$ cat final.pdb   # PDB, C-alpha atoms
ATOM      1  CA  ASN A   9     -91.432  45.541-112.678  1.00  0.00           C
ATOM      2  CA  SER A  10     -93.825  46.599-115.402  1.00  0.00           C
ATOM      3  CA  SER A  11     -96.878  47.078-113.177  1.00  0.00           C
ATOM      4  CA  HIS A  12     -96.615  50.840-113.553  1.00  0.00           C
ATOM      5  CA  ALA A  13     -97.116  50.617-117.322  1.00  0.00           C
ATOM      6  CA  ALA A  14     -99.656  47.777-117.414  1.00  0.00           C
ATOM      7  CA  SER A  15    -103.212  48.776-118.274  1.00  0.00           C
ATOM      8  CA  PRO A  16    -106.194  47.240-116.479  1.00  0.00           C
ATOM      9  CA  SER A  17    -107.188  45.388-119.660  1.00  0.00           C
ATOM     10  CA  SER A  18    -103.712  43.887-120.136  1.00  0.00           C
ATOM     11  CA  LEU A  19    -103.707  42.828-116.472  1.00  0.00           C
ATOM     12  CA  ARG A  20    -107.097  41.140-116.993  1.00  0.00           C
ATOM     13  CA  ILE A  21    -105.733  39.228-119.974  1.00  0.00           C
ATOM     14  CA  THR A  22    -102.602  38.281-118.011  1.00  0.00           C
ATOM     15  CA  TYR A  23    -104.811  37.047-115.172  1.00  0.00           C
ATOM     16  CA  LEU A  24    -106.995  34.979-117.531  1.00  0.00           C
ATOM     17  CA  VAL A  25    -103.943  33.344-119.146  1.00  0.00           C
ATOM     18  CA  LEU A  26    -102.436  32.515-115.753  1.00  0.00           C
ATOM     19  CA  ALA A  27    -105.796  31.248-114.440  1.00  0.00           C
ATOM     20  CA  ALA A  28    -106.334  28.980-117.463  1.00  0.00           C
ATOM     21  CA  SER A  29    -102.818  27.582-117.113  1.00  0.00           C
ATOM     22  CA  VAL A  30    -103.118  26.859-113.389  1.00  0.00           C
ATOM     23  CA  SER A  31    -106.596  25.362-113.840  1.00  0.00           C
ATOM     24  CA  SER A  32    -105.364  23.056-116.613  1.00  0.00           C
ATOM     25  CA  TYR A  33    -102.515  21.823-114.430  1.00  0.00           C
ATOM     26  CA  ALA A  34    -104.865  21.220-111.485  1.00  0.00           C
ATOM     27  CA  MET A  35    -107.432  19.402-113.632  1.00  0.00           C
ATOM     28  CA  LEU A  36    -104.791  17.134-115.155  1.00  0.00           C
ATOM     29  CA  GLN A  37    -103.754  16.168-111.651  1.00  0.00           C
ATOM     30  CA  SER A  38    -107.197  14.902-110.670  1.00  0.00           C
ATOM     31  CA  LEU A  39    -108.915  13.908-113.933  1.00  0.00           C
ATOM     32  CA  VAL A  40    -107.370  10.439-113.948  1.00  0.00           C
ATOM     33  CA  ILE A  41    -108.194   9.491-110.355  1.00  0.00           C
ATOM     34  CA  PRO A  42    -111.778   8.295-110.923  1.00  0.00           C
ATOM     35  CA  VAL A  43    -110.917   6.541-114.190  1.00  0.00           C
ATOM     36  CA  LEU A  44    -107.814   4.582-113.191  1.00  0.00           C
ATOM     37  CA  PRO A  45    -109.827   1.324-113.529  1.00  0.00           C
ATOM     38  CA  THR A  46    -110.782   2.326-117.093  1.00  0.00           C
ATOM     39  CA  ILE A  47    -107.174   3.123-117.979  1.00  0.00           C
ATOM     40  CA  GLU A  48    -106.102  -0.163-116.351  1.00  0.00           C
ATOM     41  CA  ARG A  49    -108.561  -2.082-118.543  1.00  0.00           C
ATOM     42  CA  LYS A  50    -107.872  -0.152-121.779  1.00  0.00           C
ATOM     43  CA  LEU A  51    -104.082  -0.414-121.445  1.00  0.00           C
ATOM     44  CA  HIS A  52    -104.163  -4.044-120.246  1.00  0.00           C
ATOM     45  CA  THR A  53    -102.228  -3.521-117.053  1.00  0.00           C
ATOM     46  CA  SER A  54    -102.523  -4.249-113.336  1.00  0.00           C
ATOM     47  CA  GLN A  55    -103.999  -2.163-110.548  1.00  0.00           C
ATOM     48  CA  ASN A  56    -100.550  -1.718-108.993  1.00  0.00           C
ATOM     49  CA  THR A  57     -99.067  -0.480-112.262  1.00  0.00           C
ATOM     50  CA  VAL A  58    -101.912   1.862-113.212  1.00  0.00           C
ATOM     51  CA  THR A  59    -101.502   3.794-109.951  1.00  0.00           C
ATOM     52  CA  TRP A  60     -98.224   5.059-111.422  1.00  0.00           C
ATOM     53  CA  VAL A  61    -100.337   7.144-113.829  1.00  0.00           C
ATOM     54  CA  LEU A  62    -101.094   9.369-110.828  1.00  0.00           C
ATOM     55  CA  THR A  63     -97.906   8.788-108.823  1.00  0.00           C
ATOM     56  CA  ALA A  64     -95.563   9.622-111.711  1.00  0.00           C
ATOM     57  CA  TYR A  65     -97.339  12.954-112.231  1.00  0.00           C
ATOM     58  CA  LEU A  66     -97.141  13.889-108.548  1.00  0.00           C
ATOM     59  CA  LEU A  67     -93.490  12.837-108.191  1.00  0.00           C
ATOM     60  CA  SER A  68     -92.475  14.744-111.295  1.00  0.00           C
ATOM     61  CA  ALA A  69     -94.324  17.848-110.110  1.00  0.00           C
ATOM     62  CA  SER A  70     -92.720  17.651-106.667  1.00  0.00           C
ATOM     63  CA  ILE A  71     -89.264  17.560-108.251  1.00  0.00           C
ATOM     64  CA  PHE A  72     -89.677  20.112-111.046  1.00  0.00           C
ATOM     65  CA  THR A  73     -91.860  22.706-109.286  1.00  0.00           C
ATOM     66  CA  PRO A  74     -89.184  24.182-106.999  1.00  0.00           C
ATOM     67  CA  ILE A  75     -86.355  23.734-109.504  1.00  0.00           C
ATOM     68  CA  LEU A  76     -88.092  25.422-112.427  1.00  0.00           C
ATOM     69  CA  GLY A  77     -89.530  28.114-110.165  1.00  0.00           C
ATOM     70  CA  ARG A  78     -85.959  29.038-109.257  1.00  0.00           C
ATOM     71  CA  VAL A  79     -84.768  28.778-112.872  1.00  0.00           C
ATOM     72  CA  GLY A  80     -87.554  31.218-113.782  1.00  0.00           C
ATOM     73  CA  ASP A  81     -86.201  33.678-111.219  1.00  0.00           C
ATOM     74  CA  MET A  82     -82.762  33.378-112.791  1.00  0.00           C
ATOM     75  CA  ILE A  83     -83.444  33.395-116.549  1.00  0.00           C
ATOM     76  CA  GLY A  84     -86.932  34.840-116.903  1.00  0.00           C
ATOM     77  CA  LYS A  85     -90.315  33.736-115.642  1.00  0.00           C
ATOM     78  CA  LYS A  86     -92.130  34.015-118.975  1.00  0.00           C
ATOM     79  CA  ARG A  87     -89.570  31.844-120.771  1.00  0.00           C
ATOM     80  CA  VAL A  88     -89.772  29.083-118.154  1.00  0.00           C
ATOM     81  CA  PHE A  89     -93.569  29.500-117.880  1.00  0.00           C
ATOM     82  CA  MET A  90     -93.825  28.878-121.629  1.00  0.00           C
ATOM     83  CA  ALA A  91     -91.581  25.802-121.295  1.00  0.00           C
ATOM     84  CA  THR A  92     -93.796  24.388-118.541  1.00  0.00           C
ATOM     85  CA  LEU A  93     -96.892  24.941-120.683  1.00  0.00           C
ATOM     86  CA  PHE A  94     -95.119  23.179-123.539  1.00  0.00           C
ATOM     87  CA  ALA A  95     -94.350  20.232-121.210  1.00  0.00           C
ATOM     88  CA  LEU A  96     -98.006  20.107-120.116  1.00  0.00           C
ATOM     89  CA  ALA A  97     -99.098  20.135-123.767  1.00  0.00           C
ATOM     90  CA  LEU A  98     -96.560  17.533-124.886  1.00  0.00           C
ATOM     91  CA  GLY A  99     -97.407  15.245-121.965  1.00  0.00           C
ATOM     92  CA  SER A 100    -101.124  15.633-122.680  1.00  0.00           C
ATOM     93  CA  ALA A 101    -100.661  14.799-126.358  1.00  0.00           C
ATOM     94  CA  LEU A 102     -98.560  11.727-125.504  1.00  0.00           C
ATOM     95  CA  ALA A 103    -101.087  10.577-122.892  1.00  0.00           C
ATOM     96  CA  GLY A 104    -103.870  11.076-125.432  1.00  0.00           C
ATOM     97  CA  VAL A 105    -102.233   8.671-127.881  1.00  0.00           C
ATOM     98  CA  ALA A 106    -100.584   6.292-125.384  1.00  0.00           C
ATOM     99  CA  ASN A 107    -101.264   2.678-126.293  1.00  0.00           C
ATOM    100  CA  SER A 108     -99.195   1.218-123.451  1.00  0.00           C
ATOM    101  CA  ILE A 109     -98.944   1.839-119.738  1.00  0.00           C
ATOM    102  CA  GLY A 110     -95.236   2.662-120.131  1.00  0.00           C
ATOM    103  CA  LEU A 111     -95.912   5.507-122.566  1.00  0.00           C
ATOM    104  CA  MET A 112     -98.787   6.740-120.385  1.00  0.00           C
ATOM    105  CA  ILE A 113     -96.477   6.913-117.349  1.00  0.00           C
ATOM    106  CA  VAL A 114     -93.783   8.741-119.359  1.00  0.00           C
ATOM    107  CA  ALA A 115     -96.461  11.170-120.577  1.00  0.00           C
ATOM    108  CA  ARG A 116     -97.572  11.807-117.005  1.00  0.00           C
ATOM    109  CA  VAL A 117     -93.963  12.460-115.897  1.00  0.00           C
ATOM    110  CA  ILE A 118     -93.698  15.069-118.670  1.00  0.00           C
ATOM    111  CA  GLN A 119     -97.024  16.600-117.602  1.00  0.00           C
ATOM    112  CA  GLY A 120     -95.752  16.795-114.025  1.00  0.00           C
ATOM    113  CA  ILE A 121     -93.087  19.258-115.166  1.00  0.00           C
ATOM    114  CA  GLY A 122     -96.042  21.613-115.548  1.00  0.00           C
ATOM    115  CA  GLY A 123     -96.256  21.872-111.769  1.00  0.00           C
ATOM    116  CA  ALA A 124     -93.768  24.713-112.099  1.00  0.00           C
ATOM    117  CA  VAL A 125     -96.611  26.762-113.557  1.00  0.00           C
ATOM    118  CA  LEU A 126     -97.629  27.532-109.939  1.00  0.00           C
ATOM    119  CA  PRO A 127     -94.535  29.321-108.606  1.00  0.00           C
ATOM    120  CA  LEU A 128     -93.992  30.959-111.992  1.00  0.00           C
ATOM    121  CA  THR A 129     -97.574  32.257-111.992  1.00  0.00           C
ATOM    122  CA  PHE A 130     -97.110  33.704-108.506  1.00  0.00           C
ATOM    123  CA  GLY A 131     -93.836  35.337-109.598  1.00  0.00           C
ATOM    124  CA  ILE A 132     -95.430  36.835-112.706  1.00  0.00           C
ATOM    125  CA  ILE A 133     -98.279  38.209-110.578  1.00  0.00           C
ATOM    126  CA  ARG A 134     -95.774  39.741-108.163  1.00  0.00           C
ATOM    127  CA  ASP A 135     -93.890  41.358-111.053  1.00  0.00           C
ATOM    128  CA  GLU A 136     -96.833  42.539-113.154  1.00  0.00           C
ATOM    129  CA  PHE A 137     -99.636  43.549-110.798  1.00  0.00           C
ATOM    130  CA  PRO A 138     -99.760  46.650-108.597  1.00  0.00           C
ATOM    131  CA  LYS A 139     -98.455  45.883-105.125  1.00  0.00           C
ATOM    132  CA  GLU A 140    -101.831  46.489-103.475  1.00  0.00           C
ATOM    133  CA  ARG A 141    -103.487  43.838-105.699  1.00  0.00           C
ATOM    134  CA  VAL A 142    -100.836  41.099-105.519  1.00  0.00           C
ATOM    135  CA  MET A 143    -102.219  39.294-102.458  1.00  0.00           C
ATOM    136  CA  SER A 144    -105.812  39.150-103.736  1.00  0.00           C
ATOM    137  CA  VAL A 145    -104.723  37.981-107.208  1.00  0.00           C
ATOM    138  CA  VAL A 146    -102.416  35.319-105.732  1.00  0.00           C
ATOM    139  CA  GLY A 147    -105.270  34.193-103.479  1.00  0.00           C
ATOM    140  CA  SER A 148    -107.717  33.846-106.347  1.00  0.00           C
ATOM    141  CA  VAL A 149    -105.214  31.904-108.474  1.00  0.00           C
ATOM    142  CA  ALA A 150    -104.394  29.640-105.517  1.00  0.00           C
ATOM    143  CA  ALA A 151    -108.122  28.975-105.110  1.00  0.00           C
ATOM    144  CA  LEU A 152    -108.219  27.871-108.754  1.00  0.00           C
ATOM    145  CA  VAL A 153    -105.890  24.989-107.875  1.00  0.00           C
ATOM    146  CA  ALA A 154    -108.581  23.589-105.588  1.00  0.00           C
ATOM    147  CA  VAL A 155    -111.379  24.400-108.042  1.00  0.00           C
ATOM    148  CA  GLY A 156    -109.491  22.819-110.954  1.00  0.00           C
ATOM    149  CA  GLY A 157    -108.723  19.729-108.908  1.00  0.00           C
ATOM    150  CA  GLY A 158    -112.346  19.386-107.846  1.00  0.00           C
ATOM    151  CA  LEU A 159    -113.638  19.987-111.361  1.00  0.00           C
ATOM    152  CA  GLY A 160    -111.272  17.359-112.719  1.00  0.00           C
ATOM    153  CA  THR A 161    -112.690  14.741-110.395  1.00  0.00           C
ATOM    154  CA  VAL A 162    -116.294  15.691-111.190  1.00  0.00           C
ATOM    155  CA  LEU A 163    -115.846  16.036-114.974  1.00  0.00           C
ATOM    156  CA  ALA A 164    -113.860  12.826-115.479  1.00  0.00           C
ATOM    157  CA  GLY A 165    -116.919  10.547-115.486  1.00  0.00           C
ATOM    158  CA  PRO A 166    -119.000  12.547-117.983  1.00  0.00           C
ATOM    159  CA  ILE A 167    -115.989  13.073-120.271  1.00  0.00           C
ATOM    160  CA  VAL A 168    -115.107   9.364-120.310  1.00  0.00           C
ATOM    161  CA  GLY A 169    -118.761   8.340-120.646  1.00  0.00           C
ATOM    162  CA  THR A 170    -119.360  10.695-123.570  1.00  0.00           C
ATOM    163  CA  LEU A 171    -116.043  10.926-125.402  1.00  0.00           C
ATOM    164  CA  GLY A 172    -113.733   8.217-124.013  1.00  0.00           C
ATOM    165  CA  TYR A 173    -110.820   8.387-121.585  1.00  0.00           C
ATOM    166  CA  ARG A 174    -108.354   9.852-124.115  1.00  0.00           C
ATOM    167  CA  TRP A 175    -110.369  13.075-124.011  1.00  0.00           C
ATOM    168  CA  LEU A 176    -109.221  13.504-120.404  1.00  0.00           C
ATOM    169  CA  PHE A 177    -105.983  14.615-122.061  1.00  0.00           C
ATOM    170  CA  TRP A 178    -107.272  16.168-125.306  1.00  0.00           C
ATOM    171  CA  LEU A 179    -109.618  18.692-123.653  1.00  0.00           C
ATOM    172  CA  PRO A 180    -106.962  20.125-121.310  1.00  0.00           C
ATOM    173  CA  LEU A 181    -104.536  20.130-124.262  1.00  0.00           C
ATOM    174  CA  ILE A 182    -106.873  22.504-126.114  1.00  0.00           C
ATOM    175  CA  LEU A 183    -107.006  24.843-123.097  1.00  0.00           C
ATOM    176  CA  ILE A 184    -103.222  24.646-122.641  1.00  0.00           C
ATOM    177  CA  GLY A 185    -102.708  25.414-126.330  1.00  0.00           C
ATOM    178  CA  LEU A 186    -104.904  28.495-126.110  1.00  0.00           C
ATOM    179  CA  ALA A 187    -103.182  29.613-122.893  1.00  0.00           C
ATOM    180  CA  THR A 188     -99.742  29.129-124.476  1.00  0.00           C
ATOM    181  CA  LEU A 189    -100.728  31.156-127.516  1.00  0.00           C
ATOM    182  CA  ALA A 190    -102.143  33.933-125.348  1.00  0.00           C
ATOM    183  CA  ALA A 191     -99.102  33.890-123.038  1.00  0.00           C
ATOM    184  CA  THR A 192     -96.851  34.427-126.050  1.00  0.00           C
ATOM    185  CA  PHE A 193     -98.549  37.744-126.771  1.00  0.00           C
ATOM    186  CA  PHE A 194     -99.875  38.991-123.450  1.00  0.00           C
ATOM    187  CA  ILE A 195     -97.459  38.049-120.667  1.00  0.00           C
ATOM    188  CA  ASN A 196     -94.456  40.298-120.217  1.00  0.00           C
ATOM    189  CA  GLU A 197     -91.017  38.865-119.525  1.00  0.00           C
ATOM    190  CA  SER A 198     -90.112  39.620-115.947  1.00  0.00           C
TER     191      SER A 198
END
$ encode --input "final.pdb" --output "structure tokens"
Amino acid sequence: NSSHAASPSSLRITYLVLAASVSSYAMLQSLVIPVLPTIERKLHTSQNTVTWVLTAYLLSASIFTPILGRVGDMIGKKRVFMATLFALALGSALAGVANSIGLMIVARVIQGIGGAVLPLTFGIIRDEFPKERVMSVVGSVAALVAVGGGLGTVLAGPIVGTLGYRWLFWLPLILIGLATLAATFFINES
């Protein structure tokens, strides 16, 4: 536990990196919901098939979240956290260039691996923050899941209307890239 040595400024940076990561995951979950008809039309598929763009993400997250959370406890939370951010980034990049529904679904499965960012974030908070602050920090990060999900639903229309549906994946990819870079330097291995 490095909370005794962590300065308030390094804890703020750690919090911002974790918050950006959790928010990106939550936004990617909900961004596609309002634009499934657009994706259906652009990728020339059926309504039944396009729903897998959301379902694949949720199924993948439900499988990988507990498994990778546990792996993080065993081999190091930062290492697994970085791997989940990489999966989110890779899945976002693939979804951004997907020209078929099959590739889009595969991309969303890879993004779903990023669901493990949640338990890993909570574990990093527990390890890095002073005990008296852990509950409030966990609470604020948990609230970001709801905020990110809500923002994703609200922002989807303006993003698609202005930039096109592929930007639903490119914009979070930029945030994930910045969070990954910052995590490399500012999150301690625990």
$ atom_distance --input "final.pdb" --atom1 "atom CA of A:Val125" --atom2 "atom CA of A:Glu48"
28.7 Å
$ closest_atom_pairs --input "final.pdb" --of "stretch 82-109 of chain A" --to "stretch 161-178 of chain A" --cutoff "12 Å" --atoms "only C-alpha atoms" --output "tab-separated table"
residue	atom	partner	partner_atom	distance
A:Leu96	CA	A:Phe177	CA	9.9
A:Ala97	CA	A:Phe177	CA	9.0
A:Leu98	CA	A:Phe177	CA	10.3
A:Gly99	CA	A:Phe177	CA	8.6
A:Ser100	CA	A:Phe177	CA	5.0
A:Ala101	CA	A:Trp178	CA	6.8
A:Leu102	CA	A:Phe177	CA	8.7
A:Ala103	CA	A:Phe177	CA	6.4
A:Gly104	CA	A:Arg174	CA	4.8
A:Val105	CA	A:Arg174	CA	7.3
A:Ala106	CA	A:Arg174	CA	8.6
A:Asn107	CA	A:Arg174	CA	10.3
$ atom_distance --input "final.pdb" --atom1 "atom CA of A:Ile83" --atom2 "atom CA of A:Gly156"
28.7 Å
$ closest_residue --input "final.pdb" --among "A:Val149, A:Leu128, A:Ile113, A:Leu51" --to "A:Lys86" --atoms "only C-alpha atoms"
A:Leu128
$ axis_aligned_box --input "final.pdb" --around "stretch 131-144 of chain A" --padding-each-side "4 Å" --output "JSON"
{"center_x": -99.8, "center_y": 41.0, "center_z": -107.8, "size_x": 20.0, "size_y": 19.3, "size_z": 18.7}
$ atom_distance --input "final.pdb" --atom1 "atom CA of A:Ala28" --atom2 "atom CA of A:Ala187"
6.3 Å
$ residues_near_point --input "final.pdb" --point "(-92.6, 28.0, -113.7)" --cutoff "12 Å" --atoms "all atoms listed in the file" --output "MDAnalysis selection string"
chainID A and resid 26 29:30 33 69 72:96 120:132
$ closest_residue --input "final.pdb" --among "A:Gln37, A:Thr59, A:Ser31, A:Ser68" --to "A:Ala150" --atoms "only C-alpha atoms"
A:Ser31
$ build_atoms --input "final.pdb" --residues "stretch 18-30 of chain A" --atoms "N, CA, C and O atoms" --output "PDB file, in the frame of the given file"
ATOM      1  N   SER A  18    -104.810  44.841-119.954  1.00  0.00           N
ATOM      2  CA  SER A  18    -103.712  43.887-120.136  1.00  0.00           C
ATOM      3  C   SER A  18    -103.523  43.037-118.879  1.00  0.00           C
ATOM      4  O   SER A  18    -103.174  41.863-118.972  1.00  0.00           O
ATOM      5  N   LEU A  19    -103.786  43.619-117.708  1.00  0.00           N
ATOM      6  CA  LEU A  19    -103.707  42.828-116.472  1.00  0.00           C
ATOM      7  C   LEU A  19    -104.813  41.776-116.435  1.00  0.00           C
ATOM      8  O   LEU A  19    -104.591  40.662-115.968  1.00  0.00           O
ATOM      9  N   ARG A  20    -105.999  42.120-116.931  1.00  0.00           N
ATOM     10  CA  ARG A  20    -107.097  41.140-116.993  1.00  0.00           C
ATOM     11  C   ARG A  20    -106.716  39.974-117.900  1.00  0.00           C
ATOM     12  O   ARG A  20    -106.953  38.810-117.570  1.00  0.00           O
ATOM     13  N   ILE A  21    -106.144  40.287-119.040  1.00  0.00           N
ATOM     14  CA  ILE A  21    -105.733  39.228-119.974  1.00  0.00           C
ATOM     15  C   ILE A  21    -104.643  38.375-119.342  1.00  0.00           C
ATOM     16  O   ILE A  21    -104.687  37.146-119.406  1.00  0.00           O
ATOM     17  N   THR A  22    -103.665  39.016-118.709  1.00  0.00           N
ATOM     18  CA  THR A  22    -102.602  38.281-118.011  1.00  0.00           C
ATOM     19  C   THR A  22    -103.211  37.343-116.975  1.00  0.00           C
ATOM     20  O   THR A  22    -102.859  36.162-116.899  1.00  0.00           O
ATOM     21  N   TYR A  23    -104.159  37.865-116.194  1.00  0.00           N
ATOM     22  CA  TYR A  23    -104.811  37.047-115.172  1.00  0.00           C
ATOM     23  C   TYR A  23    -105.520  35.849-115.801  1.00  0.00           C
ATOM     24  O   TYR A  23    -105.400  34.721-115.312  1.00  0.00           O
ATOM     25  N   LEU A  24    -106.259  36.067-116.881  1.00  0.00           N
ATOM     26  CA  LEU A  24    -106.995  34.979-117.531  1.00  0.00           C
ATOM     27  C   LEU A  24    -106.054  33.902-118.063  1.00  0.00           C
ATOM     28  O   LEU A  24    -106.340  32.705-117.937  1.00  0.00           O
ATOM     29  N   VAL A  25    -104.925  34.316-118.641  1.00  0.00           N
ATOM     30  CA  VAL A  25    -103.943  33.344-119.146  1.00  0.00           C
ATOM     31  C   VAL A  25    -103.372  32.530-117.988  1.00  0.00           C
ATOM     32  O   VAL A  25    -103.279  31.298-118.060  1.00  0.00           O
ATOM     33  N   LEU A  26    -102.992  33.216-116.916  1.00  0.00           N
ATOM     34  CA  LEU A  26    -102.436  32.515-115.753  1.00  0.00           C
ATOM     35  C   LEU A  26    -103.483  31.590-115.138  1.00  0.00           C
ATOM     36  O   LEU A  26    -103.179  30.448-114.778  1.00  0.00           O
ATOM     37  N   ALA A  27    -104.726  32.053-115.031  1.00  0.00           N
ATOM     38  CA  ALA A  27    -105.796  31.248-114.440  1.00  0.00           C
ATOM     39  C   ALA A  27    -106.061  30.000-115.274  1.00  0.00           C
ATOM     40  O   ALA A  27    -106.227  28.904-114.727  1.00  0.00           O
ATOM     41  N   ALA A  28    -106.105  30.141-116.593  1.00  0.00           N
ATOM     42  CA  ALA A  28    -106.334  28.980-117.463  1.00  0.00           C
ATOM     43  C   ALA A  28    -105.199  27.974-117.334  1.00  0.00           C
ATOM     44  O   ALA A  28    -105.426  26.758-117.303  1.00  0.00           O
ATOM     45  N   SER A  29    -103.980  28.466-117.223  1.00  0.00           N
ATOM     46  CA  SER A  29    -102.818  27.582-117.113  1.00  0.00           C
ATOM     47  C   SER A  29    -102.839  26.804-115.805  1.00  0.00           C
ATOM     48  O   SER A  29    -102.649  25.585-115.789  1.00  0.00           O
ATOM     49  N   VAL A  30    -103.075  27.507-114.707  1.00  0.00           N
ATOM     50  CA  VAL A  30    -103.118  26.859-113.389  1.00  0.00           C
ATOM     51  C   VAL A  30    -104.281  25.866-113.321  1.00  0.00           C
ATOM     52  O   VAL A  30    -104.136  24.754-112.808  1.00  0.00           O
TER      53      VAL A  30
END
